[in-house]
$ cat coords.txt   # compact mmCIF, C-alpha atoms and all ligand atoms
# COMPACT_ATOMS: atom_id res chain seq x y z
CA MET S 1 237.27 337.25 -109.22
CA ASN S 2 233.72 336.07 -109.41
CA PRO S 3 231.36 338.79 -108.14
CA ARG S 4 228.44 337.49 -106.08
CA ASN S 5 224.87 338.82 -105.97
CA LYS S 6 225.61 341.31 -108.71
CA GLY S 7 222.73 343.23 -110.29
CA LYS S 8 219.61 345.13 -109.48
CA LEU S 9 216.96 343.49 -107.30
CA LYS S 10 213.65 344.02 -109.06
CA ASP S 11 211.59 343.44 -105.93
CA ALA S 12 213.86 345.38 -103.57
CA ASP S 13 212.24 346.99 -100.54
CA ALA S 14 214.84 349.72 -100.42
CA VAL S 15 217.97 350.96 -102.15
CA GLY S 16 221.05 352.65 -100.79
CA ARG S 17 222.56 354.95 -103.36
CA VAL S 18 225.96 356.33 -102.51
CA GLY S 19 228.51 358.34 -104.41
CA ASN S 20 232.18 358.48 -103.76
CA PRO S 21 233.20 362.12 -103.49
CA ILE S 22 236.84 361.20 -104.03
CA CYS S 23 236.53 359.46 -107.38
CA GLY S 24 232.94 360.24 -108.42
CA ASP S 25 231.99 356.55 -108.62
CA ILE S 26 228.47 355.50 -107.70
CA MET S 27 227.05 352.41 -106.06
CA TYR S 28 223.58 351.02 -105.41
CA ILE S 29 222.84 348.41 -102.75
CA TYR S 30 219.40 346.77 -103.02
CA ILE S 31 217.82 344.89 -100.14
CA LYS S 32 214.78 342.68 -99.77
CA VAL S 33 213.74 342.27 -96.14
CA LYS S 34 211.75 339.44 -94.62
CA ASN S 35 211.02 338.99 -90.91
CA GLY S 36 213.57 341.65 -90.04
CA LYS S 37 216.34 339.92 -91.98
CA ILE S 38 218.05 340.66 -95.26
CA GLU S 39 216.57 337.94 -97.38
CA LYS S 40 218.06 339.09 -100.66
CA ILE S 41 220.68 341.61 -101.61
CA GLY S 42 221.93 342.93 -104.91
CA TRP S 43 224.25 345.67 -106.05
CA GLU S 44 225.31 347.76 -108.99
CA THR S 45 228.62 349.51 -108.94
CA MET S 46 229.88 352.00 -111.43
CA GLY S 47 233.35 351.99 -110.00
CA CYS S 48 236.78 350.50 -109.73
CA ALA S 49 237.74 346.87 -109.21
CA ALA S 50 238.07 347.41 -105.46
CA ALA S 51 234.54 348.83 -105.29
CA ILE S 52 233.26 345.78 -107.16
CA ALA S 53 235.15 343.38 -104.90
CA THR S 54 233.88 345.13 -101.77
CA SER S 55 230.26 345.22 -103.01
CA SER S 56 230.45 341.53 -103.69
CA MET S 57 231.97 340.76 -100.28
CA LEU S 58 229.53 343.05 -98.52
CA SER S 59 226.60 341.26 -100.12
CA GLU S 60 227.92 337.93 -98.89
CA LEU S 61 228.44 339.30 -95.37
CA ALA S 62 225.01 340.91 -95.17
CA LYS S 63 222.84 338.19 -96.64
CA GLY S 64 220.69 336.48 -94.00
CA LYS S 65 221.66 338.94 -91.27
CA SER S 66 219.14 340.87 -89.20
CA LEU S 67 218.95 344.57 -90.00
CA GLU S 68 220.58 345.31 -86.67
CA GLU S 69 223.53 343.03 -87.37
CA ALA S 70 223.87 344.28 -90.92
CA MET S 71 223.95 347.86 -89.66
CA LYS S 72 227.11 346.97 -87.73
CA ILE S 73 229.09 345.78 -90.74
CA THR S 74 232.00 348.17 -91.16
CA ARG S 75 234.40 348.84 -93.96
CA ASP S 76 237.08 347.08 -91.90
CA ASP S 77 234.97 343.91 -91.75
CA ILE S 78 234.76 343.97 -95.53
CA ALA S 79 238.45 344.68 -96.01
CA ASP S 80 239.34 341.91 -93.52
CA ALA S 81 237.11 339.43 -95.29
CA LEU S 82 238.93 340.30 -98.49
CA ASP S 83 242.28 339.77 -96.77
CA GLY S 84 242.98 343.46 -96.68
CA LEU S 85 242.87 346.21 -99.24
CA PRO S 86 245.66 348.60 -100.06
CA PRO S 87 245.10 351.72 -97.89
CA ILE S 88 244.52 353.89 -100.92
CA LYS S 89 241.49 351.73 -101.72
CA MET S 90 239.88 352.03 -98.29
CA HIS S 91 237.50 354.71 -99.50
CA CYS S 92 236.10 352.18 -101.98
CA SER S 93 235.21 349.68 -99.26
CA ASN S 94 233.72 352.49 -97.23
CA LEU S 95 231.30 353.04 -100.05
CA ALA S 96 229.89 349.51 -99.84
CA ALA S 97 229.28 349.66 -96.08
CA GLU S 98 227.75 353.11 -96.41
CA GLY S 99 225.48 351.92 -99.21
CA LEU S 100 224.17 349.07 -97.09
CA HIS S 101 223.56 351.30 -94.08
CA LYS S 102 221.75 353.76 -96.28
CA ALA S 103 219.55 351.02 -97.75
CA ILE S 104 218.59 349.89 -94.26
CA GLU S 105 217.89 353.43 -93.16
CA ASN S 106 215.71 354.01 -96.19
CA TYR S 107 213.87 350.79 -95.47
CA LEU S 108 213.18 351.78 -91.86
CA HIS S 109 212.05 355.30 -92.75
CA LYS S 110 210.32 354.62 -96.03
CA ASP S 111 207.07 356.43 -95.22
CA GLU S 112 208.74 359.62 -94.04
CA LYS S 113 211.06 359.65 -97.03
CA ILE S 114 208.20 359.28 -99.48
CA LYS S 115 206.28 361.99 -97.68
CA GLU S 116 209.23 364.32 -98.04
CA LEU S 117 209.45 363.66 -101.79
CA MET S 118 205.70 364.25 -102.06
CA LYS S 119 206.34 367.91 -101.25
CA VAL S 120 207.48 368.10 -104.88
CA VAL S 121 205.89 365.24 -106.82
CA ASP S 122 202.83 363.00 -106.50
CA LYS S 123 202.86 359.70 -104.64
CA LYS S 124 203.61 357.52 -107.64
CA ASP S 125 206.63 359.53 -108.65
CA ALA S 126 207.78 359.82 -105.05
CA GLU S 127 207.75 356.04 -104.86
CA ALA S 128 209.59 355.79 -108.15
CA LEU S 129 212.31 358.11 -106.86
CA PHE S 130 212.55 356.09 -103.67
CA LYS S 131 213.02 352.96 -105.72
CA ALA S 132 215.80 354.64 -107.65
CA GLY S 133 217.55 355.41 -104.38
CA ILE S 134 216.78 359.13 -104.42
CA THR S 135 215.17 359.40 -101.01
CA SER S 136 215.28 363.03 -99.92
CA LEU S 137 214.96 366.49 -101.43
CA GLU S 138 218.64 366.99 -100.68
CA GLU S 139 219.49 363.97 -102.84
CA LEU S 140 217.08 365.12 -105.51
CA LYS S 141 219.04 368.35 -105.75
CA LYS S 142 222.27 366.46 -106.27
CA ALA S 143 221.08 363.68 -108.59
CA HIS S 144 221.74 363.74 -112.32
CA MET S 145 218.87 364.88 -114.48
CA GLU S 146 218.98 361.69 -116.59
CA GLU S 147 218.74 359.58 -113.48
CA ILE S 148 215.68 361.47 -112.30
CA ALA S 149 214.10 361.44 -115.76
CA ASN S 150 214.52 357.66 -115.94
CA ALA S 151 212.57 357.22 -112.74
CA VAL S 152 209.63 359.61 -112.87
CA SER S 153 206.74 360.49 -115.20
CA LYS S 154 206.77 363.45 -117.53
CA GLU S 155 204.58 365.49 -115.20
CA GLY S 156 206.82 364.55 -112.31
CA MET S 157 209.82 365.72 -114.24
CA GLU S 158 208.20 369.09 -114.85
CA LYS S 159 207.46 369.52 -111.17
CA ILE S 160 211.02 368.62 -110.30
CA ARG S 161 212.42 371.09 -112.83
CA GLU S 162 210.24 373.76 -111.30
CA PHE S 163 211.47 372.84 -107.81
CA LEU S 164 215.12 372.77 -108.85
CA LYS S 165 214.84 376.10 -110.60
CA ASP S 166 214.28 377.71 -107.22
CA GLU S 167 216.91 375.61 -105.52
CA ARG S 168 219.89 375.54 -107.85
FE1 LIG S 201 236.07 354.89 -107.08
FE2 LIG S 201 237.25 352.90 -105.94
S1 LIG S 201 238.18 354.40 -107.16
S2 LIG S 201 235.19 353.47 -105.81
$ encode --input "coords.txt" --output "structure tokens"
Amino acid sequence: MNPRNKGKLKDADAVGRVGNPICGDIMYIYIKVKNGKIEKIGWETMGCAAAIATSSMLSELAKGKSLEEAMKITRDDIADALDGLPPIKMHCSNLAAEGLHKAIENYLHKDEKIKELMKVVDKKDAEALFKAGITSLEELKKAHMEEIANAVSKEGMEKIREFLKDER
């Protein structure tokens, strides 16, 4: 297997970060959009071989598509393109499609998402969280502390700790 488009996109416009509740694996789908089309796509998958294969196939399927078309890619499309996956692995391919849809959604609602994060941190840190794929307060509550700390400034981290203290 030769995974395609693997890796983080430095100049991504949006990220879809999804976790698999069944196995705990995590996946990031990065998109760069130009003229309403997915110009570039990248992915990082901390998961099984099927999740890697589906991320790779998804990236091939989505590249060059309009956001509307890309939104319609389903896990079955990905599994079909891979000549089928064993049923037990279907949840892994679901992850890739979900990650892409989430990235598109984040892209389309970027301003609102950043505004929501700005209820807790300043604009710069809100943007940093958005870039890390943490795009709502709900996700902030669920994200790992290290992941958050890697994204935001020290002051931001303090504000987030304060916020989570009341929430957790
Ligand atoms: Fe976790 Fe496949 S077993 S994504």
$ atom_distance --input "coords.txt" --atom1 "atom CA of Ala128 of chain S" --atom2 "atom CA of Ile148 of chain S"
9.3 Å
$ closest_residue --input "coords.txt" --among "S:Gly64, S:Gly156, S:Gly36, S:Gly42" --to "Ala12 of chain S" --atoms "only C-alpha atoms"
S:Gly42
$ residues_around --input "coords.txt" --residues "Lys89 of chain S" --least-positions-apart "4" --cutoff "10 Å" --atoms "all atoms listed in the file" --output "VMD selection string"
chain S and resid 48 to 51 79 84 to 85 93 to 94
$ residues_around --input "coords.txt" --residues "Leu9 of chain S" --least-positions-apart "6" --cutoff "8 Å" --atoms "only C-alpha atoms" --output "CSV table (one decimal) with C-alpha atoms, keeping the file's coordinate frame"
chain,number,residue,atom,x,y,z
S,30,TYR,CA,219.4,346.8,-103.0
S,31,ILE,CA,217.8,344.9,-100.1
S,32,LYS,CA,214.8,342.7,-99.8
S,41,ILE,CA,220.7,341.6,-101.6
S,42,GLY,CA,221.9,342.9,-104.9
S,43,TRP,CA,224.2,345.7,-106.0
$ residues_near_ligand --input "coords.txt" --ligand "ligand LIG 201 (chain S)" --cutoff "9 Å" --atoms "all atoms listed in the file" --output "PyMOL selection string"
chain S and resi 19-27+45-52+88-96
$ residues_around --input "coords.txt" --residues "segment 101-107 of chain S" --least-positions-apart "4" --cutoff "7 Å" --atoms "only C-alpha atoms" --output "list in words"
Asp13, Ala14, Val15, Gly16, Ile29, Tyr30, Ile31, Leu67, Met71 and Ala97 of chain S
$ residues_around --input "coords.txt" --residues "Ile160 of chain S" --least-positions-apart "4" --cutoff "12 Å" --atoms "all atoms listed in the file" --output "PDB file with C-alpha atoms, keeping the file's coordinate frame"
ATOM      1  CA  LEU S 117     209.450 363.660-101.790  1.00  0.00           C
ATOM      2  CA  MET S 118     205.700 364.250-102.060  1.00  0.00           C
ATOM      3  CA  LYS S 119     206.340 367.910-101.250  1.00  0.00           C
ATOM      4  CA  VAL S 120     207.480 368.100-104.880  1.00  0.00           C
ATOM      5  CA  VAL S 121     205.890 365.240-106.820  1.00  0.00           C
ATOM      6  CA  ASP S 122     202.830 363.000-106.500  1.00  0.00           C
ATOM      7  CA  ASP S 125     206.630 359.530-108.650  1.00  0.00           C
ATOM      8  CA  ALA S 126     207.780 359.820-105.050  1.00  0.00           C
ATOM      9  CA  LEU S 129     212.310 358.110-106.860  1.00  0.00           C
ATOM     10  CA  LEU S 137     214.960 366.490-101.430  1.00  0.00           C
ATOM     11  CA  LEU S 140     217.080 365.120-105.510  1.00  0.00           C
ATOM     12  CA  LYS S 141     219.040 368.350-105.750  1.00  0.00           C
ATOM     13  CA  ALA S 143     221.080 363.680-108.590  1.00  0.00           C
ATOM     14  CA  HIS S 144     221.740 363.740-112.320  1.00  0.00           C
ATOM     15  CA  MET S 145     218.870 364.880-114.480  1.00  0.00           C
ATOM     16  CA  ILE S 148     215.680 361.470-112.300  1.00  0.00           C
ATOM     17  CA  ALA S 149     214.100 361.440-115.760  1.00  0.00           C
ATOM     18  CA  ALA S 151     212.570 357.220-112.740  1.00  0.00           C
ATOM     19  CA  VAL S 152     209.630 359.610-112.870  1.00  0.00           C
ATOM     20  CA  SER S 153     206.740 360.490-115.200  1.00  0.00           C
ATOM     21  CA  LYS S 154     206.770 363.450-117.530  1.00  0.00           C
ATOM     22  CA  GLU S 155     204.580 365.490-115.200  1.00  0.00           C
ATOM     23  CA  GLY S 156     206.820 364.550-112.310  1.00  0.00           C
ATOM     24  CA  LEU S 164     215.120 372.770-108.850  1.00  0.00           C
ATOM     25  CA  LYS S 165     214.840 376.100-110.600  1.00  0.00           C
ATOM     26  CA  ASP S 166     214.280 377.710-107.220  1.00  0.00           C
ATOM     27  CA  GLU S 167     216.910 375.610-105.520  1.00  0.00           C
ATOM     28  CA  ARG S 168     219.890 375.540-107.850  1.00  0.00           C
TER      29      ARG S 168
END
$ atom_distance --input "coords.txt" --atom1 "atom CA of Met57 of chain S" --atom2 "atom CA of Glu98 of chain S"
13.6 Å
$ residues_around --input "coords.txt" --residues "Glu60 of chain S" --least-positions-apart "3" --cutoff "12 Å" --atoms "all atoms listed in the file" --output "ChimeraX atom specification"
/S:3-6,38-43,53-57,63-65,70,73,77-78,81-82,96,100
$ atom_distance --input "coords.txt" --atom1 "atom CA of Glu139 of chain S" --atom2 "atom CA of Ala62 of chain S"
24.9 Å
$ decode --input "coords.txt" --residues "segment 84-119 of chain S" --atoms "C-alpha atoms" --output "PDB file, in the first residue's frame"
ATOM      1  CA  GLY S  84     -14.711  -3.457  -0.288  1.00  0.00           C
ATOM      2  CA  LEU S  85     -13.684  -3.596   3.325  1.00  0.00           C
ATOM      3  CA  PRO S  86     -14.475  -6.354   5.770  1.00  0.00           C
ATOM      4  CA  PRO S  87     -17.700  -5.325   7.582  1.00  0.00           C
ATOM      5  CA  ILE S  88     -15.924  -5.097  10.895  1.00  0.00           C
ATOM      6  CA  LYS S  89     -13.776  -2.336   9.404  1.00  0.00           C
ATOM      7  CA  MET S  90     -16.680  -0.212   8.153  1.00  0.00           C
ATOM      8  CA  HIS S  91     -16.455   2.093  11.150  1.00  0.00           C
ATOM      9  CA  CYS S  92     -12.918   2.974  10.048  1.00  0.00           C
ATOM     10  CA  SER S  93     -14.042   4.133   6.610  1.00  0.00           C
ATOM     11  CA  ASN S  94     -16.862   6.045   8.230  1.00  0.00           C
ATOM     12  CA  LEU S  95     -14.251   8.042  10.057  1.00  0.00           C
ATOM     13  CA  ALA S  96     -12.630   9.300   6.845  1.00  0.00           C
ATOM     14  CA  ALA S  97     -15.908  10.471   5.291  1.00  0.00           C
ATOM     15  CA  GLU S  98     -16.938  12.096   8.553  1.00  0.00           C
ATOM     16  CA  GLY S  99     -13.586  13.863   8.811  1.00  0.00           C
ATOM     17  CA  LEU S 100     -13.956  15.330   5.349  1.00  0.00           C
ATOM     18  CA  HIS S 101     -17.516  16.490   5.988  1.00  0.00           C
ATOM     19  CA  LYS S 102     -16.414  18.079   9.212  1.00  0.00           C
ATOM     20  CA  ALA S 103     -13.539  19.889   7.490  1.00  0.00           C
ATOM     21  CA  ILE S 104     -15.954  21.303   4.924  1.00  0.00           C
ATOM     22  CA  GLU S 105     -18.404  22.339   7.597  1.00  0.00           C
ATOM     23  CA  ASN S 106     -15.669  24.064   9.539  1.00  0.00           C
ATOM     24  CA  TYR S 107     -14.559  25.833   6.386  1.00  0.00           C
ATOM     25  CA  LEU S 108     -18.068  27.101   5.654  1.00  0.00           C
ATOM     26  CA  HIS S 109     -18.698  28.260   9.216  1.00  0.00           C
ATOM     27  CA  LYS S 110     -15.240  29.448  10.143  1.00  0.00           C
ATOM     28  CA  ASP S 111     -16.263  32.867  11.465  1.00  0.00           C
ATOM     29  CA  GLU S 112     -19.008  31.550  13.732  1.00  0.00           C
ATOM     30  CA  LYS S 113     -16.744  28.815  15.057  1.00  0.00           C
ATOM     31  CA  ILE S 114     -13.979  31.254  15.903  1.00  0.00           C
ATOM     32  CA  LYS S 115     -16.494  33.552  17.551  1.00  0.00           C
ATOM     33  CA  GLU S 116     -17.683  30.697  19.718  1.00  0.00           C
ATOM     34  CA  LEU S 117     -14.125  29.890  20.821  1.00  0.00           C
ATOM     35  CA  MET S 118     -13.574  33.584  21.561  1.00  0.00           C
ATOM     36  CA  LYS S 119     -16.025  33.257  24.440  1.00  0.00           C
TER      37      LYS S 119
END
